[in-house]
$ cat query27.txt   # compact mmCIF, C-alpha atoms
# COMPACT_ATOMS: atom_id res chain seq x y z
CA MET A 26 -48.98 2.42 96.91
CA ASP A 27 -50.82 5.24 95.19
CA THR A 28 -52.62 4.89 91.90
CA GLU A 29 -49.90 6.69 89.91
CA VAL A 30 -47.30 4.11 90.95
CA ILE A 31 -49.61 1.22 90.05
CA LYS A 32 -50.20 2.75 86.62
CA THR A 33 -46.45 3.22 86.00
CA GLU A 34 -45.56 -0.32 86.95
CA THR A 35 -48.27 -1.73 84.75
CA TRP A 36 -47.08 -0.16 81.48
CA ALA A 37 -43.43 -0.54 82.35
CA GLU A 38 -43.75 -4.23 83.21
CA LEU A 39 -45.52 -4.77 79.91
CA LEU A 40 -42.78 -2.93 78.03
CA TYR A 41 -40.02 -4.93 79.70
CA ASP A 42 -41.73 -8.24 78.98
CA SER A 43 -42.24 -7.20 75.35
CA LEU A 44 -38.55 -6.39 74.91
CA ARG A 45 -37.45 -9.67 76.48
CA GLU A 46 -39.80 -11.68 74.26
CA LEU A 47 -38.18 -9.98 71.25
CA GLY A 48 -34.73 -11.25 72.21
CA ILE A 49 -33.31 -8.13 73.86
CA THR A 50 -30.66 -9.30 76.33
CA ILE A 51 -28.69 -6.09 76.91
CA PHE A 52 -30.12 -3.03 78.64
CA CYS A 53 -27.95 0.08 78.94
CA TYR A 54 -29.07 3.36 80.42
CA VAL A 55 -28.40 6.58 82.20
CA PRO A 56 -30.78 6.27 85.16
CA ASP A 57 -34.10 8.00 84.69
CA ALA A 58 -37.30 7.97 86.73
CA GLY A 59 -39.42 7.12 83.70
CA HIS A 60 -37.33 3.99 83.10
CA ARG A 61 -37.08 3.00 86.77
CA VAL A 62 -39.03 -0.22 86.47
CA LEU A 63 -37.22 -1.37 83.31
CA ILE A 64 -33.84 -0.66 84.89
CA GLU A 65 -34.75 -2.55 88.06
CA ARG A 66 -36.11 -5.49 86.08
CA SER A 67 -32.92 -5.62 83.98
CA ILE A 68 -30.72 -5.63 87.09
CA SER A 69 -32.62 -8.52 88.66
CA ASP A 70 -32.87 -10.54 85.42
CA ASN A 71 -30.15 -13.21 85.40
CA ASN A 72 -30.37 -13.60 81.63
CA VAL A 73 -29.72 -9.93 80.89
CA ILE A 74 -26.63 -7.71 80.88
CA SER A 75 -27.55 -4.45 82.61
CA VAL A 76 -25.14 -1.55 82.03
CA PRO A 77 -25.26 1.87 83.69
CA LEU A 78 -23.60 4.52 81.52
CA THR A 79 -22.01 7.85 82.40
CA THR A 80 -23.52 9.51 79.33
CA GLU A 81 -26.09 8.36 76.81
CA GLU A 82 -23.73 8.48 73.83
CA GLU A 83 -21.76 5.63 75.37
CA GLY A 84 -24.83 3.48 74.87
CA VAL A 85 -24.91 4.12 71.13
CA ALA A 86 -21.35 2.88 70.65
CA PHE A 87 -21.88 0.11 73.22
CA LEU A 88 -24.82 -1.36 71.31
CA ALA A 89 -22.87 -1.20 68.03
CA GLY A 90 -20.11 -3.20 69.70
CA ALA A 91 -22.62 -5.68 71.08
CA HIS A 92 -24.00 -6.11 67.56
CA LEU A 93 -20.51 -6.92 66.28
CA GLY A 94 -20.59 -9.64 68.93
CA GLY A 95 -24.07 -10.85 67.96
CA LYS A 96 -26.26 -9.53 70.80
CA ARG A 97 -29.46 -7.47 70.75
CA GLY A 98 -29.70 -4.54 73.12
CA VAL A 99 -31.63 -1.39 73.88
CA LEU A 100 -30.61 2.05 75.15
CA LEU A 101 -32.97 3.54 77.74
CA MET A 102 -32.76 7.29 78.15
CA GLN A 103 -34.68 10.43 78.95
CA SER A 104 -35.34 12.92 76.16
CA SER A 105 -32.55 15.18 77.45
CA GLY A 106 -30.10 12.37 76.67
CA VAL A 107 -31.00 12.38 72.99
CA GLY A 108 -28.96 15.55 72.55
CA ASN A 109 -25.93 13.77 73.97
CA CYS A 110 -26.14 11.06 71.30
CA ILE A 111 -26.32 12.98 68.06
CA ASN A 112 -22.78 12.72 66.67
CA MET A 113 -22.44 9.16 67.94
CA LEU A 114 -25.35 8.23 65.68
CA SER A 115 -22.85 8.81 62.84
CA LEU A 116 -21.48 5.37 63.71
CA ILE A 117 -24.93 3.80 63.44
CA ASN A 118 -25.70 5.61 60.22
CA ALA A 119 -22.34 5.13 58.46
CA GLY A 120 -22.14 1.46 59.44
CA ARG A 121 -25.85 0.67 59.02
CA PHE A 122 -25.85 -0.77 62.51
CA PRO A 123 -29.20 -1.74 64.01
CA PHE A 124 -30.04 0.61 66.88
CA LEU A 125 -32.96 0.57 69.28
CA THR A 126 -33.58 3.19 71.94
CA ILE A 127 -36.52 3.94 74.21
CA VAL A 128 -36.85 7.59 75.12
CA SER A 129 -38.95 8.63 78.10
CA MET A 130 -40.21 12.05 77.15
CA ARG A 131 -39.92 15.25 79.15
CA GLY A 132 -40.67 18.69 77.75
CA ASP A 133 -43.72 17.13 76.21
CA PHE A 134 -47.44 16.86 77.05
CA GLY A 135 -48.12 18.87 80.23
CA GLU A 136 -44.47 19.59 81.17
CA GLN A 137 -44.10 21.85 84.22
CA ASN A 138 -40.31 22.37 84.23
CA PRO A 139 -39.25 24.96 81.63
CA TRP A 140 -35.70 23.52 81.50
CA GLN A 141 -37.09 20.35 79.92
CA LEU A 142 -38.87 22.01 77.01
CA PRO A 143 -35.95 22.89 74.69
CA MET A 144 -34.55 19.37 74.33
CA GLY A 145 -37.92 17.67 74.68
CA GLN A 146 -39.33 19.57 71.73
CA ALA A 147 -36.12 18.99 69.72
CA VAL A 148 -36.07 15.20 70.14
CA GLU A 149 -37.89 14.24 66.97
CA PRO A 150 -36.25 16.77 64.62
CA CYS A 151 -32.79 15.88 65.94
CA LEU A 152 -33.32 12.13 65.63
CA MET A 153 -34.87 12.47 62.21
CA ALA A 154 -31.93 14.58 61.06
CA MET A 155 -29.72 11.61 61.95
CA ASP A 156 -31.97 9.17 60.06
CA THR A 157 -33.42 7.65 63.22
CA LEU A 158 -37.05 6.57 62.86
CA CYS A 159 -39.37 7.73 65.65
CA LEU A 160 -42.35 5.68 66.85
CA ARG A 161 -44.42 7.33 69.58
CA ILE A 162 -46.34 5.43 72.26
CA GLU A 163 -49.16 7.34 73.94
CA THR A 164 -51.27 4.52 75.40
CA ARG A 165 -50.61 1.26 77.17
CA GLU A 166 -52.43 -0.64 74.44
CA ASP A 167 -49.80 0.42 71.87
CA ILE A 168 -46.85 -1.00 73.81
CA PRO A 169 -46.66 -4.59 72.50
CA SER A 170 -47.24 -3.81 68.83
CA THR A 171 -45.04 -0.71 68.70
CA THR A 172 -42.23 -2.43 70.60
CA GLU A 173 -42.35 -5.34 68.20
CA ALA A 174 -42.45 -3.07 65.16
CA ALA A 175 -39.49 -1.01 66.36
CA THR A 176 -37.41 -4.03 67.31
CA GLN A 177 -37.98 -5.76 63.99
CA MET A 178 -37.21 -2.61 62.01
CA ALA A 179 -33.99 -2.20 63.98
CA TYR A 180 -32.74 -5.77 64.08
CA LYS A 181 -34.19 -7.22 60.88
CA SER A 182 -33.88 -4.17 58.62
CA ASP A 183 -30.75 -2.62 60.17
CA GLN A 184 -32.50 0.63 60.99
CA SER A 185 -31.94 3.17 63.73
CA VAL A 186 -35.23 3.34 65.66
CA ALA A 187 -36.43 5.32 68.67
CA ILE A 188 -39.57 4.58 70.65
CA LEU A 189 -40.76 7.79 72.29
CA LEU A 190 -42.77 7.26 75.47
CA SER A 191 -45.14 10.24 75.60
CA GLN A 192 -45.92 12.04 78.83
CA LYS A 193 -49.49 11.06 78.01
CA LEU A 194 -48.35 7.52 78.89
CA ILE A 195 -45.90 8.14 81.72
CA GLY A 196 -47.53 11.26 83.17
CA ALA A 197 -46.19 14.78 83.66
CA LYS A 198 -44.05 15.03 86.79
CA PRO A 199 -45.50 17.58 89.21
CA PHE A 200 -43.16 20.25 90.68
CA MET B 19 7.01 18.30 75.51
CA SER B 20 8.68 16.26 78.21
CA SER B 21 11.23 13.59 77.37
CA ASP B 22 8.98 10.69 78.37
CA PHE B 23 7.20 11.08 75.00
CA SER B 24 10.09 9.58 73.05
CA LEU B 25 9.02 6.25 71.53
CA ASP B 26 8.14 5.94 67.83
CA ARG B 27 4.55 4.69 67.56
CA ARG B 28 5.31 2.87 64.31
CA SER B 29 7.48 0.37 66.19
CA ALA B 30 6.08 0.72 69.72
CA VAL B 31 2.44 -0.09 68.94
CA PRO B 32 3.23 -3.39 67.14
CA ALA B 33 5.66 -4.35 69.90
CA VAL B 34 3.09 -3.81 72.66
CA ILE B 35 0.20 -5.46 70.84
CA GLY B 36 2.24 -8.50 69.83
CA ASN B 37 0.26 -11.00 67.78
CA PRO B 38 -2.92 -9.13 66.77
CA ALA B 39 -4.66 -12.44 66.09
CA ASP B 40 -4.91 -12.88 69.87
CA PHE B 41 -7.69 -10.26 69.93
CA LEU B 42 -10.85 -8.88 68.46
CA ILE B 43 -9.73 -5.27 67.95
CA ILE B 44 -11.59 -1.95 67.90
CA GLY B 45 -9.36 0.79 66.49
CA GLY B 46 -10.06 4.42 67.28
CA LEU B 47 -10.18 7.05 64.56
CA SER B 48 -7.25 8.69 62.72
CA GLY B 49 -3.74 7.77 63.93
CA SER B 50 -4.82 4.71 65.91
CA ALA B 51 -6.73 3.35 62.93
CA LYS B 52 -3.55 3.61 60.88
CA ASP B 53 -1.51 1.96 63.65
CA VAL B 54 -3.90 -1.00 63.74
CA GLY B 55 -4.62 -1.10 60.01
CA SER B 56 -0.93 -1.17 59.14
CA LEU B 57 -0.27 -3.94 61.66
CA THR B 58 -3.21 -6.15 60.62
CA ASN B 59 -3.96 -5.12 57.04
CA GLU B 60 -7.52 -4.85 58.42
CA SER B 61 -8.01 -8.55 58.95
CA PRO B 62 -11.59 -9.47 59.84
CA ASN B 63 -10.90 -9.49 63.59
CA VAL B 64 -10.49 -5.69 63.32
CA TYR B 65 -13.06 -2.89 63.23
CA LEU B 66 -11.66 0.59 62.61
CA LEU B 67 -13.59 3.74 63.43
CA GLY B 68 -13.39 6.71 61.09
CA GLY B 69 -15.43 9.22 63.08
CA ALA B 70 -17.87 9.24 66.02
CA MET B 71 -14.99 10.29 68.27
CA GLY B 72 -15.39 8.87 71.75
CA ALA B 73 -16.94 5.59 70.60
CA ALA B 74 -13.99 3.21 70.79
CA VAL B 75 -13.95 2.27 74.48
CA THR B 76 -17.65 1.55 74.91
CA MET B 77 -17.82 -0.17 71.52
CA GLY B 78 -15.12 -2.48 72.81
CA LEU B 79 -17.05 -2.98 76.03
CA GLY B 80 -20.18 -3.99 74.13
CA LEU B 81 -18.18 -6.47 72.08
CA ALA B 82 -16.42 -7.86 75.14
CA LEU B 83 -19.67 -8.45 77.02
CA ALA B 84 -21.30 -10.01 73.95
CA GLN B 85 -18.31 -12.31 73.35
CA PRO B 86 -17.06 -13.20 76.83
CA THR B 87 -14.86 -16.06 75.61
CA ARG B 88 -12.88 -13.83 73.19
CA ARG B 89 -10.24 -11.29 74.21
CA VAL B 90 -11.09 -7.77 73.03
CA LEU B 91 -8.56 -4.95 72.58
CA VAL B 92 -9.38 -1.28 72.10
CA VAL B 93 -6.60 0.87 70.62
CA SER B 94 -7.10 4.61 70.55
CA GLY B 95 -5.39 7.91 71.16
CA ASP B 96 -5.21 10.29 74.10
CA GLY B 97 -7.66 12.64 72.36
CA GLU B 98 -10.40 10.03 72.22
CA PHE B 99 -9.74 8.72 75.75
CA LEU B 100 -9.93 12.30 77.05
CA MET B 101 -13.16 12.98 75.17
CA ASN B 102 -15.04 10.17 76.86
CA SER B 103 -13.04 9.48 79.99
CA GLY B 104 -16.30 8.59 81.75
CA SER B 105 -16.36 5.41 79.68
CA LEU B 106 -13.43 4.15 81.78
CA ALA B 107 -15.79 4.25 84.76
CA THR B 108 -18.37 2.31 82.76
CA VAL B 109 -15.75 -0.32 81.88
CA ALA B 110 -14.57 -0.62 85.47
CA TYR B 111 -18.15 -0.93 86.72
CA MET B 112 -18.86 -3.83 84.36
CA LYS B 113 -15.40 -5.34 84.97
CA PRO B 114 -15.16 -7.44 81.80
CA ALA B 115 -12.31 -9.90 82.33
CA ASN B 116 -11.67 -10.07 78.57
CA LEU B 117 -11.28 -6.37 77.73
CA SER B 118 -7.97 -4.51 77.35
CA LEU B 119 -7.43 -0.87 76.48
CA LEU B 120 -4.31 0.53 74.79
CA CYS B 121 -4.00 4.31 74.71
CA VAL B 122 -1.43 5.59 72.22
CA ASP B 123 -0.60 8.84 73.97
CA ASN B 124 1.36 11.27 71.84
CA GLY B 125 0.31 14.27 73.91
CA CYS B 126 -1.29 15.99 70.95
CA TYR B 127 -4.01 15.94 68.31
CA GLY B 128 -1.96 14.51 65.45
CA GLU B 129 -4.70 14.51 62.83
CA THR B 130 -5.38 18.23 63.09
CA GLY B 131 -1.92 19.75 63.33
CA ASN B 132 -0.35 18.43 66.57
CA GLN B 133 -2.14 20.85 68.90
CA VAL B 134 -1.15 19.87 72.45
CA SER B 135 -3.56 17.78 74.48
CA ALA B 136 -4.05 17.79 78.23
CA THR B 137 -1.85 14.69 78.63
CA SER B 138 1.25 16.62 77.59
CA ARG B 139 0.64 19.29 80.19
CA SER B 140 -1.32 18.05 83.16
CA THR B 141 -3.39 14.89 82.79
CA ASP B 142 -2.32 11.30 83.50
CA LEU B 143 -4.69 8.86 81.82
CA GLU B 144 -3.25 5.90 83.72
CA LEU B 145 -4.30 7.59 86.96
CA ILE B 146 -7.74 8.29 85.48
CA ALA B 147 -8.04 4.61 84.55
CA ARG B 148 -6.94 3.53 88.03
CA GLY B 149 -9.17 6.10 89.68
CA SER B 150 -12.06 4.82 87.60
CA GLY B 151 -11.46 1.36 89.03
CA ILE B 152 -9.27 -0.33 86.42
CA ASP B 153 -6.63 -1.85 88.68
CA HIS B 154 -4.44 -3.52 86.07
CA ALA B 155 -2.79 -0.49 84.49
CA CYS B 156 0.68 0.63 83.48
CA THR B 157 2.54 3.34 81.58
CA VAL B 158 5.16 2.53 78.95
CA GLN B 159 7.90 5.05 78.19
CA THR B 160 10.81 2.85 77.08
CA GLY B 161 11.29 -0.26 74.98
CA SER B 162 12.29 -2.26 78.06
CA GLU B 163 8.65 -2.07 79.20
CA PHE B 164 7.11 -3.53 76.03
CA ALA B 165 7.05 -7.16 77.17
CA ALA B 166 5.33 -6.41 80.47
CA ALA B 167 2.76 -4.22 78.72
CA SER B 168 2.08 -6.89 76.12
CA LYS B 169 1.46 -9.35 78.95
CA LEU B 170 -0.83 -6.90 80.74
CA LEU B 171 -3.00 -6.64 77.60
CA ARG B 172 -3.49 -10.39 77.96
CA HIS B 173 -4.25 -10.32 81.68
CA PRO B 174 -6.79 -13.08 82.34
CA ASP B 175 -8.56 -11.06 85.02
CA GLY B 176 -9.15 -7.77 83.20
CA PRO B 177 -10.00 -5.14 82.38
CA SER B 178 -6.51 -3.79 81.82
CA PHE B 179 -5.17 -0.46 80.58
CA VAL B 180 -1.84 0.39 78.97
CA LEU B 181 -0.78 4.00 78.45
CA LEU B 182 1.84 3.99 75.69
CA ARG B 183 3.69 7.28 75.54
CA VAL B 184 5.01 8.05 72.06
CA ASN B 185 6.47 11.09 70.30
CA ASN B 186 4.43 13.33 68.04
CA GLY B 187 5.74 11.78 64.83
CA PRO B 188 3.35 10.39 62.22
CA PRO B 189 1.52 7.06 62.35
CA PRO B 190 2.29 4.47 59.63
CA ASP B 191 1.49 5.55 56.10
CA TYR B 192 -1.56 3.37 55.55
CA ARG B 193 -4.70 3.91 53.45
CA ARG B 194 -7.50 2.38 55.47
CA ASN B 195 -10.96 1.24 54.40
CA PHE B 196 -13.62 3.84 55.27
CA ASP B 197 -16.57 1.63 54.29
CA ALA B 198 -18.11 1.04 57.72
CA VAL B 199 -20.80 -1.30 56.37
CA GLU B 200 -18.38 -3.59 54.56
CA THR B 201 -16.04 -3.86 57.53
CA LYS B 202 -18.97 -4.52 59.88
CA ALA B 203 -20.19 -7.38 57.71
CA ALA B 204 -16.70 -8.88 57.43
CA PHE B 205 -16.19 -8.62 61.18
CA ARG B 206 -19.50 -10.33 61.99
CA ARG B 207 -18.93 -13.12 59.45
CA ASN B 208 -15.59 -13.83 61.10
CA CYS B 209 -16.74 -13.43 64.70
CA LEU B 210 -20.16 -15.08 64.78
$ encode --input "query27.txt" --output "structure tokens"
Amino acid sequence: MDTEVIKTETWAELLYDSLRELGITIFCYVPDAGHRVLIERSISDNNVISVPLTTEEEGVAFLAGAHLGGKRGVLLMQSSGVGNCINMLSLINAGRFPFLTIVSMRGDFGEQNPWQLPMGQAVEPCLMAMDTLCLRIETREDIPSTTEAATQMAYKSDQSVAILLSQKLIGAKPF
Amino acid sequence: MSSDFSLDRRSAVPAVIGNPADFLIIGGLSGSAKDVGSLTNESPNVYLLGGAMGAAVTMGLGLALAQPTRRVLVVSGDGEFLMNSGSLATVAYMKPANLSLLCVDNGCYGETGNQVSATSRSTDLELIARGSGIDHACTVQTGSEFAAASKLLRHPDGPSFVLLRVNNGPPPDYRRNFDAVETKAAFRRNCL
């Protein structure tokens, strides 16, 4: 196991444990390398519902439905998936549904694939235009406090909240 | 439009749903919201969408997985099922035993001027549901099939899918509540 893998598993394990301690029992996602550890943990966790989606916008509506049924969930997606969610956030906004998403950033710090830049750079303006609050995590030390802040703002204050995992945290993928 | 789109949705939808109190119901936008609103007078077991087209099926899935002891019904039109047909794969993958889907298929976009949809020309949503992995599925084209469809929506080993073919006439004349916050709160008070 090389040092990059060890680093990834360390922050990702911490993030998963933080979410579970905050009462998140539903994880939905379009598979993404940045979220690999969280997805695998959710699949092997007997107390969690783990839902692979065909497109990220499904997750927005899915979590609103889960809230009608009294469950707390999170949508895991890559920054490119944010663009797929925009109109579906109308449901969150119009209904004041709590919404929590964790976005693994591409097109961000040190990106080497030009295809990732357009959506990556548009993530924050697009989410903010849909009244979704953005909290950025750049270091491992910020994970517990930012995860707690985002989860409480979503599920206690009925806000739409995105945690953005910077490429400073997850690393820029080499091509 | 072929002759199999002949039923009147104003009588066919209530006949297929039966007693709406048997379900927690997510109603898709426009015509389907009026179908469900008119039938239930928006009782607190009902949540009607007014936008966010494509949301209904996965919203129902989230509700079904969060409330596994309640039966959940999604009612929406062919336009919304076509927009997010991938969500049928997501439903089949999760295989919630308590989720049923009713597609009111009028072969057109009724809210915007009855422009034809793909289901009136080429696309069979029952086959898409089956191909996605939803095994309990049927198509209803005549009144003689209502009872079997109503039973399928209550299949104990879901998910199930009913494609209800109707003509392009109007949905019930019903003025629904567009306050998505109020209806959310009422739904949760009733459900939780």
$ closest_residue --input "query27.txt" --among "B:Ser168, B:Gln85, B:Ser150, B:Thr160" --to "chain A" --atoms "only C-alpha atoms"
B:Gln85
$ closest_residue --input "query27.txt" --among "A:Gly90, A:Pro123, A:Pro143, A:Gly132" --to "chain B" --atoms "all atoms listed in the file"
A:Gly90
$ residues_around --input "query27.txt" --residues "Asp22 (chain B)" --least-positions-apart "5" --cutoff "8 Å" --atoms "all atoms listed in the file" --output "PyMOL selection string"
chain B and resi 159+183-184
$ interface_residues --input "query27.txt" --of "chain A" --to "chain B" --cutoff "6 Å" --atoms "all atoms listed in the file" --output "PyMOL selection string"
chain A and resi 78-79+83+86-87+90-91+93-94+96+113+115-116+119-120
$ closest_residue --input "query27.txt" --among "A:Ala58, A:Leu125, A:Met178, A:Leu101" --to "Ser75 (chain A)" --atoms "only C-alpha atoms"
A:Leu101
$ atom_distance --input "query27.txt" --atom1 "CA of Pro150 (chain A)" --atom2 "CA of Asn112 (chain A)"
14.2 Å
